[in-house]
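Here the structure is laid out as structure tokens; the discussion comes afterwards.
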Amino acid sequence: MSREKPTPDSEHVRAFQEGGKKSFDELVIRYQDRVFNICYRMLGNIDDANDCAQDTFIKVYRSLAGFRFRSSFSTWLYRIAVNTCKNRLVSSAYRRNRSMVRINGSTNRDGEERSMEIGDCTHTPNGTFERREREAVIQEAISSLPEDQRTVVVLRDVEGLAYEEIAEVTGLNLGTVKSRIARARERLKEKLKGQI
Amino acid sequence: MKHRHVLHILNDYVDGLLEEEMKAAVEKHLAACHSCREEFEHLRSVREKIGQLHRVSAPPGFLQNIHRRLETEQRPRFSFRTLFTPLHIRVPAGIAALATAAIALIFVLNVMAPRMGTREMVPKGAPETETLVGREAPSGESLEMTAGAGPSEEDEALKEKKDRPERQVTAGQEKVLEEEDKMEDLLAASASAKRAEPGIVREQAEPVEISLLLYKEKGDRSDREVFGEETRAGGMKSRSAEMLALETDAADYMAEGPPVEGPPAEGEMSAAPDTIISSIEHVVLAAGGRVVSLEYIDEGEIPQSMVVEIPIHAVDAFIDDLMQFGETDLPKEIRTGAYRGQITDDGEAFSIKIYFE
């Protein structure tokens, strides 16, 4: 029994551009976890990741009518996600929140009570305490990277994007991507030495 | 293979990017060099650990939350405005009233006045009409005077006037028409001068669509966010990486000086732009905004598409500057100033078409 081939992104985009708003939902469902994961690894916080991932798709919704297929939809989407996260990283609200110690649960944009922080495995019930600790250390190390290095290392080592695709998402030269990844790994290596 | 060289390409080796021959050489070195092998093990370990991080999924109701936000942000504020929003364009009542008055005035001046003039204001016995060509002919200049030298710009302008349908004027309107003609001559001369400018390709069949992202400036400029942007296509170069505006903006630039990567030195910034692309960057930065993305095939040519981000207070100045590049097709909200009432905290996107000359 053969599995049905998934509809290409481009068809969903075209359908949206012709007025089929449901196609947007299909794209969200297809990419929401990947975008959420990128945002989470970039920001290190579930609430911020949730806001940024939502912002990303809202920007996509607004801009999709003008999408000209000069790149793949996923590349375009990742680029919006990365830029949204970059903006969040430099925003005063983000910096303020980062400097505060959270004792009580926070409330996100949707009004939902949350108390999740770095390394929280709420969405991965199988996460053991040890694993959570280890992941928290790794995430903390990723979060300590400069934003330019963090972006490339998340896209490469977390999301598994090819160097060429990272170059397209970030708009950097291939050589710059390589050197940034090398520098990021070098830093991570130093930070994680003896910790995990 | 030398020790230093191996360290240099160790990341490529870890990522499996080396060709067979090079890979074999690295492996041979690693087998013999303890420190390189240790370095390699560390790198591989870091890469694996990051790769093994659990994947965080979007929370339940993620799509519904997006729908909720879209619905909230698209809801019109006053029902009265829906009268003016067939295309989801919100227009403040005051501006709508002004626009209506302006349209009525234009109608009266352009449609009613000429008819009234030709029918009632010309005295009996006098020539009923006077044509623009007829008025200019007695000036002493004729087409034959410059015919031998080939068609000059002035000739073309005269020819244009000759080809223009004759307009009926009255003595009262003559001065106004003269002023109009002078303005047209000036514009034609300016366009010719631009066409003659060397080094810039000015042929553009299709307009360039600029996505203009407007945002309110809060206390902290960094609160603003980028909307969607186009990325380069396969085979196209993208200057996004090197672009001075992508990872910084005018405020950063002015306050902190040039960063290590990206923006040019301040001297370069103030230097006269030598290409259309650098001219656009110049205009965007001058407005305190930034170019989010820009696509082009050749640096000397007109860009394929662009997304720019401009603070709301600088929109008018930016539009003025932009118009120097050619004819612009502005959305109604920008033309009327109605955009000011539309910008939410998340900003708003508008589309501008510009026909580069």
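Ordering of the structure tokens sets the chain letters (A, B, ...), residue numbers begin anew at 1 in every chain, and ligands are numbered from 1 in the order given.
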
List as a PyMOL selection string the protein and nucleic acid residues near Ile181 of chain A, meaning an atom at most 7 Å away when only C-alpha atoms are counted, but skip any in the same chain fewer than 3 places from it. chain A and resi 149+152-153+177-178+184-185

Take the residues from that selection and put them in a file with N, CA and C atoms, as a PDB file, in the first residue's frame.
ATOM      1  N   GLN A 149      26.650  33.506  15.709  1.00  0.00           N
ATOM      2  CA  GLN A 149      27.125  32.119  15.790  1.00  0.00           C
ATOM      3  C   GLN A 149      25.989  31.182  16.208  1.00  0.00           C
ATOM      4  N   VAL A 152      23.727  30.157  13.162  1.00  0.00           N
ATOM      5  CA  VAL A 152      24.244  29.138  12.237  1.00  0.00           C
ATOM      6  C   VAL A 152      24.349  27.765  12.900  1.00  0.00           C
ATOM      7  N   VAL A 153      24.691  27.754  14.175  1.00  0.00           N
ATOM      8  CA  VAL A 153      24.844  26.453  14.831  1.00  0.00           C
ATOM      9  C   VAL A 153      23.475  25.797  15.052  1.00  0.00           C
ATOM     10  N   VAL A 177      29.598  31.275   6.564  1.00  0.00           N
ATOM     11  CA  VAL A 177      28.806  30.289   7.307  1.00  0.00           C
ATOM     12  C   VAL A 177      29.742  29.260   7.938  1.00  0.00           C
ATOM     13  N   LYS A 178      30.659  28.766   7.137  1.00  0.00           N
ATOM     14  CA  LYS A 178      31.594  27.736   7.638  1.00  0.00           C
ATOM     15  C   LYS A 178      32.418  28.266   8.802  1.00  0.00           C
ATOM     16  N   ALA A 184      31.663  28.808  16.445  1.00  0.00           N
ATOM     17  CA  ALA A 184      30.607  28.457  17.412  1.00  0.00           C
ATOM     18  C   ALA A 184      30.922  27.123  18.076  1.00  0.00           C
ATOM     19  N   ARG A 185      31.332  26.152  17.303  1.00  0.00           N
ATOM     20  CA  ARG A 185      31.633  24.835  17.881  1.00  0.00           C
ATOM     21  C   ARG A 185      32.838  24.913  18.811  1.00  0.00           C
TER      22      ARG A 185
END

Counting only C-alpha atoms, give me one row per residue of chain A with an atom at most 7 Å from an atom of chain B, showing the shortest contact pair and its distance in Å to one decimal, sorted by chain then residue number, as JSON lines.
{"residue": "A:Val28", "atom": "CA", "partner": "B:Leu63", "partner_atom": "CA", "distance": 6.9}
{"residue": "A:Gln32", "atom": "CA", "partner": "B:Ala58", "partner_atom": "CA", "distance": 6.1}
{"residue": "A:Asp33", "atom": "CA", "partner": "B:Ser57", "partner_atom": "CA", "distance": 4.7}
{"residue": "A:Phe36", "atom": "CA", "partner": "B:Ala58", "partner_atom": "CA", "distance": 5.5}
{"residue": "A:Asn37", "atom": "CA", "partner": "B:Val56", "partner_atom": "CA", "distance": 5.1}
{"residue": "A:Gln54", "atom": "CA", "partner": "B:Ile66", "partner_atom": "CA", "distance": 6.0}
{"residue": "A:Ile58", "atom": "CA", "partner": "B:Ile66", "partner_atom": "CA", "distance": 6.8}
{"residue": "A:Lys59", "atom": "CA", "partner": "B:Phe227", "partner_atom": "CA", "distance": 5.3}
{"residue": "A:Val60", "atom": "CA", "partner": "B:Gly228", "partner_atom": "CA", "distance": 6.0}
{"residue": "A:Ser63", "atom": "CA", "partner": "B:Gly228", "partner_atom": "CA", "distance": 5.6}
{"residue": "A:Arg70", "atom": "CA", "partner": "B:Ala233", "partner_atom": "CA", "distance": 4.1}
{"residue": "A:Ser71", "atom": "CA", "partner": "B:Ala233", "partner_atom": "CA", "distance": 4.7}
{"residue": "A:Trp76", "atom": "CA", "partner": "B:Thr231", "partner_atom": "CA", "distance": 6.1}
{"residue": "A:Ile80", "atom": "CA", "partner": "B:Gly228", "partner_atom": "CA", "distance": 5.7}
{"residue": "A:Asn83", "atom": "CA", "partner": "B:Val226", "partner_atom": "CA", "distance": 6.6}
{"residue": "A:Thr84", "atom": "CA", "partner": "B:Val226", "partner_atom": "CA", "distance": 6.3}
{"residue": "A:Asn87", "atom": "CA", "partner": "B:Glu225", "partner_atom": "CA", "distance": 5.7}
{"residue": "A:Val90", "atom": "CA", "partner": "B:Ser222", "partner_atom": "CA", "distance": 6.0}
{"residue": "A:Ser91", "atom": "CA", "partner": "B:Asp223", "partner_atom": "CA", "distance": 4.8}
{"residue": "A:Ser92", "atom": "CA", "partner": "B:Asp223", "partner_atom": "CA", "distance": 6.5}
{"residue": "A:His123", "atom": "CA", "partner": "B:Val56", "partner_atom": "CA", "distance": 6.3}
{"residue": "A:Glu135", "atom": "CA", "partner": "B:Leu53", "partner_atom": "CA", "distance": 6.4}
{"residue": "A:Asp157", "atom": "CA", "partner": "B:Gly51", "partner_atom": "CA", "distance": 5.4}
{"residue": "A:Val158", "atom": "CA", "partner": "B:Gly51", "partner_atom": "CA", "distance": 5.2}
{"residue": "A:Glu168", "atom": "CA", "partner": "B:Thr231", "partner_atom": "CA", "distance": 7.0}
{"residue": "A:Gly171", "atom": "CA", "partner": "B:Ala241", "partner_atom": "CA", "distance": 4.6}
{"residue": "A:Leu172", "atom": "CA", "partner": "B:Ala241", "partner_atom": "CA", "distance": 4.5}
{"residue": "A:Asn173", "atom": "CA", "partner": "B:Ala241", "partner_atom": "CA", "distance": 7.0}
{"residue": "A:Ala182", "atom": "CA", "partner": "B:Asn11", "partner_atom": "CA", "distance": 6.2}
{"residue": "A:Arg185", "atom": "CA", "partner": "B:Leu43", "partner_atom": "CA", "distance": 6.9}
{"residue": "A:Lys189", "atom": "CA", "partner": "B:Val46", "partner_atom": "CA", "distance": 6.1}

Of the residues A:Arg62, A:Arg134, A:Arg79, A:Arg30, which is the one nearest to Ala167 of chain A, using only C-alpha atoms?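 Between A:Arg62, A:Arg134, A:Arg79, A:Arg30, the residue approaching Ala167 of chain A most closely is A:Arg79.
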
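Coordinates place atom CA of Leu105 of chain B at a distance of 24.0 Å from atom CA of Asp316 of chain B.
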
Between atom CA of Cys52 of chain A and atom CA of Ile38 of chain A, what distance in Å does the model show, to one decimal?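 Atom-to-atom, atom CA of Cys52 of chain A to atom CA of Ile38 of chain A, that is 9.9 Å.
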
Distance query Thr7 of chain A at most 10 Å, only C-alpha atoms, self and fewer than 4 positions along chain excluded, as a compact mmCIF listing (two decimals) with C-alpha atoms, in the first residue's frame:
# COMPACT_ATOMS: atom_id res chain seq x y z
CA GLU A 11 1.13 24.28 -4.33
CA HIS A 12 -0.09 25.40 -0.94
CA GLU A 26 -1.63 23.39 5.99

Excluding same-chain residues fewer than 3 positions from Gln195 of chain A, what lies within 12 Å of it counting only C-alpha atoms, as a list in words?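 The filter keeps Glu133, Arg134, Glu135, Ala136, Val137, Ile138, Glu140, Ala141, Leu188, Lys189, Glu190, Lys191 and Leu192 of chain A; Val46 of chain B.
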